[in-house]
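Data from entry33.cif: mmCIF, C-alpha atoms
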```cif
data_coords
loop_
_atom_site.label_atom_id
_atom_site.label_comp_id
_atom_site.auth_asym_id
_atom_site.auth_seq_id
_atom_site.Cartn_x
_atom_site.Cartn_y
_atom_site.Cartn_z
CA MET A 1 -7.42 -19.64 15.31
CA ALA A 2 -6.30 -16.82 13.01
CA ARG A 3 -3.43 -17.85 10.79
CA LEU A 4 0.19 -16.76 11.05
CA SER A 5 1.44 -15.59 7.70
CA ALA A 6 4.45 -14.14 5.96
CA VAL A 7 4.40 -11.94 2.90
CA ALA A 8 5.86 -11.81 -0.55
CA VAL A 9 5.79 -9.17 -3.24
CA ALA A 10 3.11 -9.84 -5.83
CA VAL A 11 2.95 -7.60 -8.89
CA ARG A 12 -0.67 -7.49 -9.93
CA ASP A 13 -0.84 -4.16 -11.72
CA PRO A 14 1.90 -2.21 -13.54
CA CYS A 15 0.71 0.99 -11.84
CA ARG A 16 0.70 -0.57 -8.37
CA ARG A 17 3.82 -2.39 -7.22
CA TRP A 18 3.04 -2.74 -3.56
CA GLY A 19 0.70 -5.72 -3.40
CA TRP A 20 1.46 -8.71 -1.18
CA THR A 21 0.14 -12.20 -0.80
CA ALA A 22 -0.09 -14.28 2.39
CA PHE A 23 1.71 -17.61 2.49
CA ALA A 24 2.62 -20.13 5.18
CA PHE A 25 5.00 -18.63 7.74
CA HIS A 26 8.68 -19.23 7.00
CA ARG A 27 12.08 -17.66 7.61
CA GLY A 28 12.72 -16.22 4.16
CA LEU A 29 10.85 -12.98 4.83
CA SER A 30 13.89 -10.68 4.65
CA ALA A 31 14.80 -11.87 1.18
CA LEU A 32 11.22 -11.57 -0.05
CA LEU A 33 10.95 -8.00 1.20
CA ALA A 34 14.35 -6.84 -0.08
CA PRO A 35 13.82 -3.99 -2.58
CA LYS A 36 14.96 -4.58 -6.14
CA PRO A 37 18.05 -2.45 -7.01
CA GLU A 38 16.43 -0.87 -10.05
CA GLN A 39 13.35 0.28 -8.15
CA ALA A 40 13.67 3.03 -5.57
CA PRO A 41 11.14 2.62 -2.74
CA ARG A 42 8.14 4.84 -3.35
CA TRP A 43 8.08 5.84 0.32
CA LEU A 44 11.36 7.73 -0.20
CA PRO A 45 10.48 10.40 -2.82
CA ALA A 46 12.66 13.38 -3.62
CA CYS A 47 10.36 15.64 -1.64
CA ARG A 48 7.38 15.06 0.60
CA PRO A 49 3.95 16.59 0.03
CA LYS A 50 3.36 19.60 2.25
CA THR A 51 0.15 19.30 4.20
CA SER A 52 -0.60 22.16 6.55
CA ILE A 53 -1.66 21.68 10.16
CA SER A 54 -5.36 22.10 10.85
CA PHE A 55 -7.14 22.18 14.19
CA LEU A 56 -10.38 20.48 15.16
CA SER A 57 -12.34 22.50 17.71
CA ARG A 58 -14.54 20.51 20.08
CA PRO A 59 -16.89 21.74 22.82
CA ASP A 60 -15.37 21.15 26.27
CA LEU A 61 -12.44 19.20 24.80
CA PRO A 62 -8.94 20.28 23.68
CA LYS A 63 -8.36 21.26 20.06
CA LEU A 64 -6.77 18.48 18.03
CA ALA A 65 -3.97 19.16 15.57
CA TYR A 66 -4.16 17.10 12.39
CA LYS A 67 -2.94 16.94 8.80
CA ARG A 68 -5.29 15.73 6.12
CA LEU A 69 -4.38 14.62 2.62
CA LYS A 70 -7.49 14.57 0.43
CA GLY A 71 -8.06 11.66 -1.91
CA LYS A 72 -10.04 8.56 -2.74
CA SER A 73 -11.73 6.15 -0.38
CA PRO A 74 -10.97 4.18 1.59
CA GLY A 75 -8.91 6.70 3.47
CA VAL A 76 -6.18 5.82 5.94
CA ILE A 77 -5.90 7.19 9.49
CA PHE A 78 -2.67 6.73 11.43
CA ILE A 79 -3.11 6.38 15.21
CA PRO A 80 0.22 6.91 17.01
CA GLY A 81 1.71 5.19 20.03
CA LEU A 82 2.18 6.38 23.61
CA VAL A 83 3.21 10.07 23.67
CA SER A 84 4.10 9.83 19.95
CA ASN A 85 3.08 12.51 17.49
CA MET A 86 1.98 12.66 13.88
CA ASN A 87 5.49 13.27 12.51
CA GLY A 88 6.98 9.83 13.11
CA THR A 89 8.56 7.64 10.44
CA LYS A 90 5.51 5.41 9.95
CA ALA A 91 3.05 8.32 9.83
CA LEU A 92 5.03 10.16 7.16
CA ALA A 93 5.65 7.01 5.12
CA ILE A 94 1.94 6.19 5.14
CA GLU A 95 1.06 9.68 3.96
CA GLU A 96 3.60 9.40 1.14
CA PHE A 97 2.23 6.05 0.08
CA CYS A 98 -1.38 7.24 0.13
CA LYS A 99 -0.40 10.22 -1.99
CA SER A 100 1.21 7.90 -4.55
CA LEU A 101 -2.09 6.00 -4.83
CA GLY A 102 -4.34 9.06 -4.68
CA HIS A 103 -6.00 7.94 -1.44
CA ALA A 104 -6.93 10.14 1.50
CA CYS A 105 -4.80 10.09 4.64
CA ILE A 106 -5.08 11.66 8.09
CA ARG A 107 -2.48 11.87 10.83
CA PHE A 108 -3.06 13.68 14.12
CA ASP A 109 -1.77 14.41 17.63
CA TYR A 110 -3.55 13.21 20.75
CA SER A 111 -4.69 15.73 23.37
CA GLY A 112 -1.67 16.93 25.32
CA VAL A 113 0.77 15.73 22.64
CA GLY A 114 2.55 17.56 19.82
CA ASN A 115 0.60 20.52 18.45
CA SER A 116 -2.73 19.61 20.07
CA ASP A 117 -4.09 21.49 23.06
CA GLY A 118 -4.42 19.89 26.48
CA ASN A 119 -2.37 18.85 29.47
CA LEU A 120 -0.63 15.47 29.05
CA GLN A 121 -0.81 14.84 32.79
CA GLU A 122 -4.61 14.96 32.60
CA CYS A 123 -4.91 12.59 29.65
CA THR A 124 -6.41 9.11 29.87
CA MET A 125 -7.12 6.21 27.53
CA GLY A 126 -10.74 7.33 27.58
CA ARG A 127 -9.84 10.85 26.44
CA TRP A 128 -7.56 9.58 23.68
CA ARG A 129 -10.31 7.23 22.58
CA LYS A 130 -12.53 10.29 22.21
CA ASP A 131 -9.76 11.94 20.17
CA VAL A 132 -9.72 9.06 17.70
CA LEU A 133 -13.51 9.07 17.40
CA SER A 134 -13.51 12.85 16.86
CA ILE A 135 -11.11 12.45 13.94
CA ILE A 136 -13.27 9.69 12.44
CA ASP A 137 -16.54 11.58 12.97
CA ASP A 138 -15.55 15.15 12.15
CA VAL A 139 -12.53 15.00 9.82
CA ALA A 140 -12.59 11.72 7.89
CA GLU A 141 -14.93 11.15 4.96
CA GLY A 142 -16.16 7.71 3.97
CA PRO A 143 -14.76 4.33 5.01
CA GLN A 144 -11.37 4.26 6.70
CA ILE A 145 -8.48 1.88 7.22
CA LEU A 146 -7.08 2.51 10.70
CA VAL A 147 -3.37 1.94 11.27
CA GLY A 148 -2.60 1.78 14.98
CA SER A 149 0.96 1.73 16.27
CA SER A 150 1.60 0.21 19.72
CA LEU A 151 -0.92 1.86 22.08
CA GLY A 152 -2.63 3.18 18.93
CA GLY A 153 -3.43 -0.44 18.09
CA TRP A 154 -5.39 -0.68 21.32
CA LEU A 155 -7.29 2.49 20.46
CA MET A 156 -8.00 1.40 16.88
CA LEU A 157 -9.89 -1.63 18.21
CA HIS A 158 -12.03 0.61 20.40
CA ALA A 159 -12.70 2.84 17.39
CA ALA A 160 -13.75 -0.17 15.30
CA ILE A 161 -16.13 -1.28 18.06
CA SER A 162 -17.67 2.20 18.32
CA ARG A 163 -17.77 3.07 14.59
CA PRO A 164 -18.26 -0.19 12.68
CA GLN A 165 -19.91 1.60 9.74
CA LYS A 166 -16.90 3.83 9.10
CA VAL A 167 -14.00 1.53 10.01
CA ALA A 168 -13.44 -0.73 7.01
CA ALA A 169 -10.22 -2.47 8.11
CA LEU A 170 -7.50 -2.42 10.77
CA ILE A 171 -3.72 -2.68 10.68
CA GLY A 172 -1.95 -3.04 14.01
CA VAL A 173 1.79 -2.45 14.30
CA ALA A 174 3.17 -3.96 17.53
CA THR A 175 -0.37 -3.77 18.88
CA ALA A 176 -0.24 -3.00 22.60
CA VAL A 177 -3.71 -4.04 23.72
CA ASP A 178 -4.05 -3.91 27.54
CA ILE A 179 -0.25 -3.75 27.80
CA LEU A 180 0.15 -0.99 30.41
CA VAL A 181 -2.38 -2.62 32.71
CA THR A 182 -0.87 -6.07 32.17
CA GLN A 183 2.68 -4.89 32.87
CA PHE A 184 1.60 -2.92 35.92
CA ASN A 185 -0.22 -5.93 37.37
CA GLN A 186 2.92 -8.03 36.94
CA LEU A 187 4.92 -5.75 39.24
CA PRO A 188 5.63 -6.89 42.82
CA VAL A 189 2.98 -5.84 45.34
CA GLU A 190 5.35 -3.49 47.17
CA VAL A 191 6.32 -1.74 43.92
CA LYS A 192 2.69 -1.24 42.94
CA LYS A 193 1.97 0.19 46.40
CA GLU A 194 4.86 2.63 46.05
CA ILE A 195 3.58 3.76 42.65
CA GLU A 196 0.11 4.27 44.10
CA ILE A 197 1.52 6.45 46.89
CA LYS A 198 3.71 8.50 44.56
CA GLY A 199 0.98 8.73 41.93
CA MET A 200 3.53 8.06 39.19
CA TRP A 201 5.06 5.03 37.48
CA SER A 202 8.52 5.64 36.02
CA MET A 203 8.48 2.83 33.48
CA PRO A 204 11.95 2.12 31.98
CA SER A 205 12.09 2.47 28.20
CA LYS A 206 14.96 2.74 25.74
CA TYR A 207 12.64 4.60 23.39
CA SER A 208 12.32 7.59 25.74
CA GLU A 209 15.03 10.27 25.74
CA GLU A 210 15.00 10.17 29.54
CA GLY A 211 15.18 6.38 29.61
CA VAL A 212 11.77 6.19 31.30
CA TYR A 213 8.15 7.02 30.59
CA HIS A 214 6.45 8.86 33.46
CA ILE A 215 2.93 7.44 33.60
CA GLN A 216 0.34 8.71 36.02
CA TYR A 217 -1.09 6.08 38.35
CA SER A 218 -4.52 7.51 37.52
CA PHE A 219 -3.85 6.78 33.82
CA ILE A 220 -3.25 3.10 34.59
CA LYS A 221 -6.32 2.78 36.78
CA GLU A 222 -8.53 4.47 34.18
CA ALA A 223 -7.05 2.26 31.43
CA GLU A 224 -8.35 -0.80 33.30
CA HIS A 225 -11.84 0.17 32.10
CA HIS A 226 -10.69 -0.16 28.48
CA CYS A 227 -9.07 -3.61 28.58
CA LEU A 228 -10.21 -5.93 25.81
CA LEU A 229 -8.44 -9.27 26.03
CA HIS A 230 -10.64 -10.67 28.80
CA SER A 231 -13.53 -11.43 26.42
CA PRO A 232 -14.38 -11.68 22.70
CA ILE A 233 -13.68 -8.42 20.85
CA PRO A 234 -16.69 -7.46 18.68
CA VAL A 235 -14.80 -6.35 15.57
CA THR A 236 -15.76 -8.01 12.28
CA CYS A 237 -13.73 -6.12 9.66
CA PRO A 238 -10.48 -7.40 8.07
CA ILE A 239 -7.53 -7.14 10.49
CA ARG A 240 -3.79 -7.36 9.85
CA LEU A 241 -1.47 -7.50 12.86
CA LEU A 242 2.23 -6.85 12.17
CA HIS A 243 4.71 -7.58 14.94
CA GLY A 244 8.47 -7.89 15.40
CA MET A 245 9.70 -11.01 17.15
CA LYS A 246 12.45 -8.96 18.81
CA ASP A 247 9.92 -6.58 20.38
CA ASP A 248 11.05 -6.20 24.00
CA VAL A 249 8.18 -3.86 24.92
CA VAL A 250 5.07 -5.68 23.71
CA PRO A 251 5.51 -9.46 23.23
CA TRP A 252 4.49 -10.62 19.77
CA HIS A 253 2.21 -13.13 21.46
CA THR A 254 -0.06 -10.16 22.24
CA SER A 255 -0.97 -9.92 18.55
CA VAL A 256 -1.81 -13.63 18.55
CA GLN A 257 -4.04 -13.06 21.59
CA VAL A 258 -5.83 -10.25 19.76
CA ALA A 259 -6.31 -12.48 16.71
CA ASP A 260 -7.85 -15.17 18.93
CA GLN A 261 -10.20 -12.74 20.67
CA VAL A 262 -11.59 -10.73 17.74
CA VAL A 263 -14.81 -11.97 16.17
CA SER A 264 -13.56 -11.30 12.64
CA LYS A 265 -12.55 -14.35 10.60
CA ASP A 266 -10.40 -12.32 8.22
CA VAL A 267 -7.32 -11.93 10.41
CA ASP A 268 -3.62 -12.32 9.64
CA VAL A 269 -0.79 -12.14 12.16
CA ILE A 270 2.41 -11.27 10.29
CA LEU A 271 5.68 -11.68 12.19
CA ARG A 272 9.08 -10.25 11.31
CA LYS A 273 11.87 -12.21 12.96
CA GLU A 274 14.42 -9.38 13.19
CA SER A 275 12.15 -6.40 13.90
CA ASP A 276 11.87 -4.57 17.22
CA HIS A 277 9.00 -2.66 18.79
CA GLN A 278 9.24 0.44 16.61
CA MET A 279 9.12 -1.43 13.28
CA LYS A 280 10.43 1.57 11.34
CA GLU A 281 13.26 0.08 9.29
CA LYS A 282 12.98 0.06 5.50
CA ALA A 283 11.68 -3.51 5.26
CA ASP A 284 9.18 -2.82 8.07
CA ILE A 285 7.82 0.20 6.23
CA GLN A 286 7.60 -1.80 3.01
CA LEU A 287 5.61 -4.49 4.79
CA LEU A 288 3.28 -1.83 6.20
CA THR A 289 2.67 -0.24 2.80
CA TYR A 290 2.20 -3.65 1.14
CA THR A 291 -0.43 -4.38 3.75
CA ILE A 292 -2.24 -1.07 3.22
CA ASP A 293 -2.20 -1.63 -0.55
CA ASP A 294 -3.58 -5.15 -0.22
CA LEU A 295 -6.46 -3.98 1.96
CA ILE A 296 -7.26 -1.12 -0.41
CA ASP A 297 -7.43 -3.68 -3.24
CA LYS A 298 -9.61 -5.98 -1.16
CA LEU A 299 -12.02 -3.24 -0.12
CA SER A 300 -12.21 -1.80 -3.63
CA THR A 301 -12.96 -5.24 -5.07
CA GLU A 302 -15.72 -5.81 -2.52
CA VAL A 303 -17.34 -2.47 -3.42
CA ASN A 304 -17.15 -3.18 -7.15
#
```
Reformat the file's structure so that it appears as structure tokens.
Amino acid sequence: MARLSAVAVAVRDPCRRWGWTAFAFHRGLSALLAPKPEQAPRWLPACRPKTSISFLSRPDLPKLAYKRLKGKSPGVIFIPGLVSNMNGTKALAIEEFCKSLGHACIRFDYSGVGNSDGNLQECTMGRWRKDVLSIIDDVAEGPQILVGSSLGGWLMLHAAISRPQKVAALIGVATAVDILVTQFNQLPVEVKKEIEIKGMWSMPSKYSEEGVYHIQYSFIKEAEHHCLLHSPIPVTCPIRLLHGMKDDVVPWHTSVQVADQVVSKDVDVILRKESDHQMKEKADIQLLTYTIDDLIDKLSTEVN
């Protein structure tokens, strides 16, 4: 079984202060991740780099809006969560961190979301999977580290299965593999029947301004074809799964299930006791950037 691990700051290079090392899981994580007073976090610079929006045109598919920061390989691609766009806290922090290291970074909007073309009501997991593959195939150059947040963690696994030569490593943040299908199937029979008749599931969520996410019944049924936890997941690259133990949307046990199902032997599940589903507090972002930095080191060492 993949190991549970915590992290600590490990200074390995005076020009790179974001490394981390895996240890046995314990409760001292908050103290280990606390920033030193004399060092301002590098993900909070005085001003952010300005990357202009570009659009990827695709035959018979909506144009995708994306922002690309050019730099060294491996690059990093951020894959957002359900109905999230490329301007979230984690996406911007990752871009800042990649800029500080001189590495390439891409963030983008799914079809029907943000600045991308398309009708959200017509979107499916299959279409968003194509969006991710389009970014990998037509925008990214060289090997990539995929960072998938929530539903984006589900999609990153599909991308790794489809593009093993380009996906060098994965980082899941509150990885929501199969979660919509699982939660729907747990509803009472009469509730599921009502949703089927209405064609819409109003799923309560404190992260939505309306207090609910309106999910098409057709989206759920189509997503059933993309479930992964029922059998071994053929992904062999390094995988890091970060999850908050106070996540009330996607249980942290889901990340453990993913770790058990993937073929890769290089898998860490890293739990934060006080973090929620969004994992966007300062210590959460530090953990995420430590993890990216460690994988960049690992991949660079393997190449050299």
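Using the PyMOL selection byres ((chain A and resi 98) around 10) on the file at hand returns these residues: Trp43, Leu69, Lys70, Gly71, Lys72, Gly75, Val76, Leu92, Ala93, Ile94, Glu95, Glu96, Phe97, Lys99, Ser100, Leu101, Gly102, His103, Ala104, Cys105, Ile106, Thr289, Ile292 and Asp293 of chain A.
Using all atoms listed in the file, the shortest contact distance between Gln286 of chain A and any of A:Ala223, A:Met125, A:Lys90, A:Val167 is found at A:Lys90.
One finds atom CA of Ile161 of chain A at 14.4 Å from atom CA of Ser134 of chain A.
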Point-to-point distance from atom CA of Met279 of chain A to atom CA of Ala176 of chain A, Å rounded to tenths: 13.3 Å
Care to translate the PyMOL selection byres ((chain A and resi 237-239) around 9) into actual residues of this file, as a count of residues only? 21
Å distance separating atom CA of Lys198 of chain A from atom CA of Val83 of chain A, one decimal place: 21.0 Å
What do you get, as a count of residues only, if you spell out every residue that the PyMOL selection byres ((chain A and resi 201-208) around 12) selects here? 39
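Using all atoms listed in the file, the smallest distance between any of A:Leu61, A:Leu287, A:Ile270, A:Leu242 and Lys130 of chain A comes from A:Leu61.
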Residue among A:Lys67, A:Asn119, A:Thr182, A:Ile77 lying closest to Met156 of chain A, counting all atoms listed in the file: A:Ile77
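When all atoms listed in the file are used to compute distances to Gly152 of chain A, the closest of the residues A:Gln257, A:Ser275, A:Gln165, A:Asn85 turns out to be A:Asn85.
Comparing the minimum interatomic distances between Lys246 of chain A and each of A:Arg107, A:Lys298, A:His158, A:Lys273, counting all atoms listed in the file, we find that A:Lys273 sits nearest.
Among A:Glu302, A:Asp294, A:Asp138, A:Glu190, the residue with the shortest atom-to-atom distance to Lys166 of chain A, counting all atoms listed in the file, is A:Asp138.
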Would you place a box with edges along x, y and z of the file around all atoms of segment 211-216 of chain A listed there, add 5 Å to each of its six sides, and report the centre and edge lengths in Å to one decimal, as JSON?
```
{"center_x": 7.8, "center_y": 7.5, "center_z": 32.8, "size_x": 24.8, "size_y": 12.7, "size_z": 16.4}
```
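Only residues having an atom at most 9 Å from (-12.9, 5.6, 25.6) are included; using only C-alpha atoms, these are A:Thr124, A:Met125, A:Gly126, A:Arg127, A:Trp128, A:Arg129, A:Lys130, A:Asp131, A:Leu133, A:Leu155, A:His158, A:Ala159, A:Ala223, A:His225, A:His226.
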